[in-house]
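Inspection log for the structure reproduced underneath, given as structure tokens.
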Amino acid sequence: MNRINRNWLIIGGGIVATLALAAIIVVAVIWFVTQGASGVAAAPAPEWVNPLDKIETKEVKPITALRVLAGEGDETVIQDALAAGELETALATLGYSTVLPDSNRLGLLIQLAQAYAGANNADKANLCYERAGDTATLSGYLNDYVRANAYVQIGQGLRELGNTGRAKAFYDQAYVVVAFSPTLRPEHRSVILGALAHEYAALGNQPEAEQLSWESQVPSFHEVKPGESFTGVPLGAMPQSEAVDAAIKQRQEAAQTLIQALSEDRAVADRQQALEQALLTEDTARLEFYDAQLASSANSAGVKVQVSRAKLEWLTTKWRIARRGFGLSLVADWENNEPVIAEALKDTLETFDLAASDLIVASPTQAELTQGKVDLLRGEILWGRLGLHPGFVEQALVSDLQAATSELVVLRGAQTLYVEVLPPKQPYNYILISADLYGRGESPAPVAQSTSVARATSIASLPTPTLPPAPTMEPPQVTAILPTATPGETPVTEPTALPTATVEQTPATPTPTNTPEPTATAQVTNTPTPSPTATASPTRTNTPTRTPKPTGQASPTPRPPTPTPTPSQDIILVKMDGPIGYPAGANACNKPYGHVLDKDGKPLNGVTVKAFNEYGIEFSDITGPRPGESRDDGYFEFCVERGGWSINVIIADKTAQNAWVAFDDPNFIGHVEWDITFQVVR
């Protein structure tokens with residue numbers, strides 16, 4: 001009898017504990033929704049504005065802009081234009097670029113928006129932030145940490161412009177990713193929550209800021225599972241033409257000659273004429289070659305995708321010339337026939353769409369086929385909202401996207417986030433949403449908030465001494481961590497940014513999906529997928545004094561030699577301090593961080609920095625403001641597993657010295673940091 005009573009006591013105690021935990025979750029959700037929802041309301045998306053129509057062509061500097069025609073990379077020209085304060089040149093080069101990966105375009109749009117804000121041009125700043133938001137939501141080549149991080153930074157920029165309603169809308173999007181992303185790692189979730197806490201505090205919404213701060217401290221025992229892997233369909237080899245190659249070389253030489261004459265303030269009429277003739281020759285060679293390849297029945301759908309893509313790139317350049325997007329007149333006949341060129345570009349986009357659709361139909365599974373259709377439509381809409389689709393008819397594409405996405409939700413369920421269109425009429429507002437909420441026609445923000453706080457409350461209520469208690473009273477305040485300037489990932493095999501799934505990936509997958517952030521067991525595969533993004537360190541409950549740790553703790557084996565400048569390289573390593581140990585109750589993320597400087601020793605924003613190890617695991621970050629330090633620019637930061645890592649700065653056409661760091665002492669419990677500085681010397 002005593003035994004039966006004891007069992008009933010155990011069962012009764014379990015029921016009471018379960019009910020208590022449920023009550024705590026309900027109280028936390030009610031507290032957050034009632035207290036945290038107060039304050040600034042999210043504003044709807046404004047009317048769409050074509051960024052290309054806002055370029056002030058008379059302010060475009062030909063000496064800088066023409067470098068694209070001379071063969072220099074778009075990103076290099078954009079960065080140099082920003083550094084020189086030539087914002088219209090940067091906008092024109094970025095706006096007409098068809099070769100930038102979405103991650104780079106996203107980072108540059110945010111950087112350009114910040115530059116316009118600094119120049120007191122709020123209209124252009126708002127425009128660039130909104131188009132950055134379109135890129136973060138509609139691109140099929142960004143993982144969820146990149147998206148959430150970008151949303152926070154866009155919101156921060158809009159808040160500083162006084163556009164608090166739109167800022168709140170982007171904060172809500174970041175929260176949706178935190179709440180529903182199936183691929184967001186726990187440490188990434190902590191970083192975004194800490195950043196949101198900082199932003200809500202800046203908005204004057206202290207209750208919500210405190211709740212977010214508390215959430216950012218709650219660890220998660222959830223390990224992200226690898227997402228579904230799609231094999232894709234090979235594209236085949238891009239045909240080559242000696243005539244086209246020769247014409248390109250001739251045009252590049254003519255452009256370089258004109259740039260030199262402009263920079264020396266010499267007569268340029270004959271040099272402009274030489275460039276005009278070179279452009280006309282190239283146009284003839286390209287169009288004859290491309291049209292012949294597209295008409296050939298011997299070419300596969302994959303080859304036609306690449307050919308039509310190349311034709312798109314050329315016609316976009318031709319269209320820019322026709323609209324004087326290089327700051328001067330280059331081909332008068334094109335200027336007089338700009339509508340004809342725009343129509344040819346529109347027709348080529350349709351050709352590309354048909355070829356991509358034929359390729360997608362060959363996908364090996366229904367899920368992959370449907371994902372390809374969705375990615376293609378998302379890319380087309382993004383292309384249009386960036387201004388690169390003349391005659392853009394958004395309504396028809398939105399209807400097709402909704403139909404394809406509804407089918408994909410059934411096939412893939414909670415494996416990914418989906419693009420919802422709210423409201424279902426213009427001006428359209430594109431948002432990310434979970435499978436359960438798709439199609440309801442309502443904002444996902446309230447459900448996202450309650451879901452996130454319920455998760456944190458449930459975890460914090462577990463009988464683990466290292467966890468903070470559930471927020472039965474005012475949650476504790478912690479130091480907020482802001483994302484580091486659009487930690488965009490540069491897809492490993494993405495040769496150019498393109499408006500569709502089959503364009504941004506190189507030969508292998510017309511229907512890729514977002515790549516989840518890697519775990520410690522990530523493996524390298526032959527399927528081209530976007531590289532993981534940089535990982536900023538999560539908010540820490542304990543903040544130790546930053547002092548060098550004793551010998552033997554967290555020391556790399558072997559320790560890298562003291563860096564010395566390498567004159568033969570364009571980017572050198574000028575500082576590498578560490579290791580610095582932070583003892584803690586667990587082996588947390590290990591952090592190599594630092595700065596990239598320009599030739600004059602000034603911080604350089606918008607530069608890609610990569611961390612990679614011998615197993616093929618790779619992270620990317622883009623330099624920007626240091627978390628919590630608005631005046632500390634050029635900053636990068638990673639959160640990596642134990643082991644050896646190479647850190648490298650990626651700038652087009654420049655060689656760089658690597659930094660090698662190691663975190664491999666099994667006797668040290670906690671996390672370790674390295675402080676690294678690179679400088680561009682030429």
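Ordering of the structure tokens sets the chain letters (A, B, ...); residue numbers start at 1 within each chain; ligands are numbered from 1 in the order shown.
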Nearby residues (only C-alpha atoms) at most 7 Å from region 283-291 of chain A, same-chain spacing under 3 positions excluded, as an MDAnalysis selection string = chainID A and resid 243:244 279:280 294:295 307 311
Restricted to C-alpha atoms, what would the selected residues look like written as a PDB file, in the first residue's frame?
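The resulting result18.pdb:
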ATOM      1  CA  ALA A 243      35.347  37.016 -82.118  1.00  0.00           C
ATOM      2  CA  VAL A 244      33.602  38.013 -78.898  1.00  0.00           C
ATOM      3  CA  LEU A 279      31.277  48.996 -78.407  1.00  0.00           C
ATOM      4  CA  LEU A 280      29.440  48.740 -81.735  1.00  0.00           C
ATOM      5  CA  LEU A 294      20.061  30.071 -78.669  1.00  0.00           C
ATOM      6  CA  ALA A 295      18.691  28.955 -82.054  1.00  0.00           C
ATOM      7  CA  VAL A 307      23.888  31.904 -73.140  1.00  0.00           C
ATOM      8  CA  LYS A 311      23.097  38.079 -73.397  1.00  0.00           C
TER       9      LYS A 311
END
Extract, using only C-alpha atoms, all DNA, RNA and protein residues at most 9 Å from Ser97 (chain A), discarding same-chain residues fewer than 4 positions from it, and format them as a CSV table (one decimal) with N, CA and C atoms, in the first residue's frame.
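Listed below is the output, out_0.csv:
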chain,number,residue,atom,x,y,z
A,74,ASP,N,32.9,45.1,-60.8
A,74,ASP,CA,31.9,46.0,-60.3
A,74,ASP,C,32.1,46.4,-58.8
A,92,ALA,N,25.0,54.0,-59.7
A,92,ALA,CA,24.8,53.5,-61.1
A,92,ALA,C,25.5,52.2,-61.3
A,93,THR,N,26.7,52.0,-60.8
A,93,THR,CA,27.4,50.8,-60.9
A,93,THR,C,26.7,49.6,-60.3
A,105,ARG,N,25.6,42.2,-53.1
A,105,ARG,CA,24.7,43.3,-53.4
A,105,ARG,C,24.0,43.8,-52.2
A,313,GLU,N,23.4,40.1,-69.6
A,313,GLU,CA,24.5,40.9,-69.0
A,313,GLU,C,24.9,42.0,-70.0
A,316,THR,N,22.1,44.6,-70.6
A,316,THR,CA,22.0,45.5,-69.5
A,316,THR,C,23.1,46.6,-69.5
A,317,THR,N,24.3,46.2,-69.9
A,317,THR,CA,25.4,47.2,-70.1
A,317,THR,C,25.0,48.2,-71.2
A,388,LEU,N,15.9,46.1,-62.9
A,388,LEU,CA,16.6,45.5,-64.0
A,388,LEU,C,15.7,44.8,-65.0
A,497,ALA,N,25.3,37.3,-60.0
A,497,ALA,CA,24.0,37.3,-59.4
A,497,ALA,C,23.0,37.3,-60.5
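Distances to Leu193 (chain A) were evaluated for A:Val453, A:Ile360, A:Ala332, A:Val421 using only C-alpha atoms, and the minimum falls at A:Val453.
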request  = Pick out the closest residue to Gln426 (chain A) from this set: A:Leu108, A:Lys168, A:Glu394, A:Leu82. Count only C-alpha atoms.
outcome  =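 Answer, going by the shortest atom-to-atom distance: A:Glu394.
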query = If you count only C-alpha atoms, which residues fall within 12 Å of Ala119 (chain A), apart from same-chain ones fewer than 2 positions away, as a count of residues only?
reply = 17
query = What lies within 7 Å of Val607 (chain A) using only C-alpha atoms, ignoring chain neighbours under 6 positions off, as a ChimeraX atom specification?
reply = /A:622-623,650-651
key: Residue nearest Asp577 (chain A) - candidates A:Leu328, A:Ala41, A:Leu203, A:Ile676, atoms counted: only C-alpha atoms   =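 Going through A:Leu328, A:Ala41, A:Leu203, A:Ile676 one by one, the smallest distance to Asp577 (chain A) is for A:Ile676.
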query = Between A:Val146, A:Val191, A:Ser263, A:Val303, which is the closest to Gln217 (chain A) once you count only C-alpha atoms?
reply =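 Closest candidate: A:Val191.
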